[in-house]
Amino acid sequence: MNVEICANSYKSAFNALIAGADRIELCSELAVGGITPSYGLIQKVKKELDIAVNVLIRPRSGDFTFSDDEFDVMKRDIQFCKDLGCSGIVSGILTKDAKIDIARTKELVALAKPLSFTFHRAFDWVINPVEAVHELIEMGVDRILTSGQASSAVHGLELLSNLKKASSDKIIIMPGGGISEKNIEQFKKEKFKEIHFSATTLHKTIEAPEVSMNSDRFFDETQIAYSDLKKLEKLIALVK
């Protein structure tokens, strides 16, 4: 079973290499499910570490329905990863009614070639997962990263197994989400070809600051944050 490590930093990517992982999914901000890492991080990992690098292409946290401008950013990020010689792209777009955005996902898959393409955990929000598997097969997607539409892959194991059967080996179903040494043998027993986990540990670096830079209101997946035009105009007018 091939192992993909969700690496959120250079150190995580380095540790994945030393530990013997087959591949990493490079991303940032695990707290929001991951977003596209910086160009500097992608370049450093690709240049200095001898490991297959798949890069998460997700321009922001929140939902998986993106504006035209966000879609343009995603395409630019994919081209950057291609130019660097990365191994694969990890991405995905949904419609507002929780279906695969076929047209836009097709465009991303085509742009990513010849890199491999993984449809990420946006899959866990689709309303008809079996139908979605067949749609992604038709698009030429190589694998699906999914927890089986559950809070963790072990809780979604039944659906994961059903999706693997439905795929008829035409696409890789890669379990991810809450994989640990307590449950990893269950996935090996079910003969999944690949598995995804981060093996994250938290390391305290400083005492809690008096002024926190975190904001709970930005962690609501049902909302996205942007600078409001009317507020900007009012405040800038007051300054000018």
# chains A, B, ... in the order shown; residues from 1 in each chain; ligands from 1

$ residues_around --residues "Phe192 in chain A" --least-positions-apart "4" --cutoff "8 Å" --atoms "only C-alpha atoms" --output "PyMOL selection string"
chain A and resi 1+164+173-175+187-188

$ residues_around --residues "Asp97 in chain A" --least-positions-apart "2" --cutoff "12 Å" --atoms "only C-alpha atoms" --output "number ranges by chain"
A: 63-65, 93-95, 99-101, 125-128

$ write_last_selection --atoms "N, CA and C atoms" --output "tab-separated table (two decimals), in the first residue's frame"
chain	number	residue	atom	x	y	z
A	63	ASP	N	-16.09	26.80	1.39
A	63	ASP	CA	-16.69	25.80	0.50
A	63	ASP	C	-15.80	25.53	-0.70
A	64	PHE	N	-16.32	24.76	-1.66
A	64	PHE	CA	-15.55	24.38	-2.84
A	64	PHE	C	-16.19	24.89	-4.12
A	65	THR	N	-16.96	25.97	-4.00
A	65	THR	CA	-17.57	26.62	-5.15
A	65	THR	C	-16.86	27.95	-5.34
A	93	ILE	N	-13.64	20.96	-7.59
A	93	ILE	CA	-14.63	22.04	-7.54
A	93	ILE	C	-16.03	21.43	-7.52
A	94	LEU	N	-16.90	22.00	-6.70
A	94	LEU	CA	-18.28	21.55	-6.61
A	94	LEU	C	-19.22	22.65	-7.10
A	95	THR	N	-20.42	22.26	-7.46
A	95	THR	CA	-21.48	23.22	-7.75
A	95	THR	C	-22.16	23.57	-6.43
A	99	LYS	N	-22.70	18.93	-6.19
A	99	LYS	CA	-22.34	17.96	-7.22
A	99	LYS	C	-20.96	18.33	-7.77
A	100	ILE	N	-20.32	17.40	-8.45
A	100	ILE	CA	-19.06	17.71	-9.09
A	100	ILE	C	-19.29	18.78	-10.15
A	101	ASP	N	-18.48	19.84	-10.14
A	101	ASP	CA	-18.52	20.82	-11.22
A	101	ASP	C	-17.74	20.22	-12.38
A	125	TRP	N	-18.44	16.00	0.34
A	125	TRP	CA	-19.65	16.81	0.39
A	125	TRP	C	-20.64	16.48	-0.72
A	126	VAL	N	-20.26	15.65	-1.68
A	126	VAL	CA	-21.16	15.39	-2.82
A	126	VAL	C	-22.35	14.55	-2.36
A	127	ILE	N	-23.52	14.79	-2.99
A	127	ILE	CA	-24.75	14.13	-2.54
A	127	ILE	C	-24.87	12.70	-3.05
A	128	ASN	N	-24.20	12.38	-4.16
A	128	ASN	CA	-24.27	11.02	-4.71
A	128	ASN	C	-22.85	10.54	-4.99

$ closest_residue --among "A:Asp83, A:Glu181, A:Asp72, A:Asp124" --to "Gly148 in chain A" --atoms "only C-alpha atoms"
A:Asp124

$ residues_around --residues "Leu108 in chain A" --least-positions-apart "4" --cutoff "9 Å" --atoms "only C-alpha atoms" --output "ChimeraX atom specification"
/A:74-75,78,91-92,103-104,112-113,117

$ select_by_dssp --residues "range 11-223 of chain A" --states "strand (DSSP E or B)" --output "PyMOL selection string"
chain A and resi 23-26+28+35+52-56+88-91+94+100+116-119+143-146+172-176+194-197

$ select_by_dssp --residues "range 7-231 of chain A" --states "helix (DSSP H, G or I)" --output "number ranges by chain"
A: 10-19, 30-32, 39-48, 68-84, 102-112, 121-125, 129-139, 157-167, 184-189, 216-219, 229-231

$ closest_residue --among "A:Ile236, A:Leu157, A:Leu26, A:Cys86" --to "Lys47 in chain A" --atoms "only C-alpha atoms"
A:Cys86

$ atom_distance --atom1 "CA of Gly176 in chain A" --atom2 "CA of Ser198 in chain A"
9.0 Å
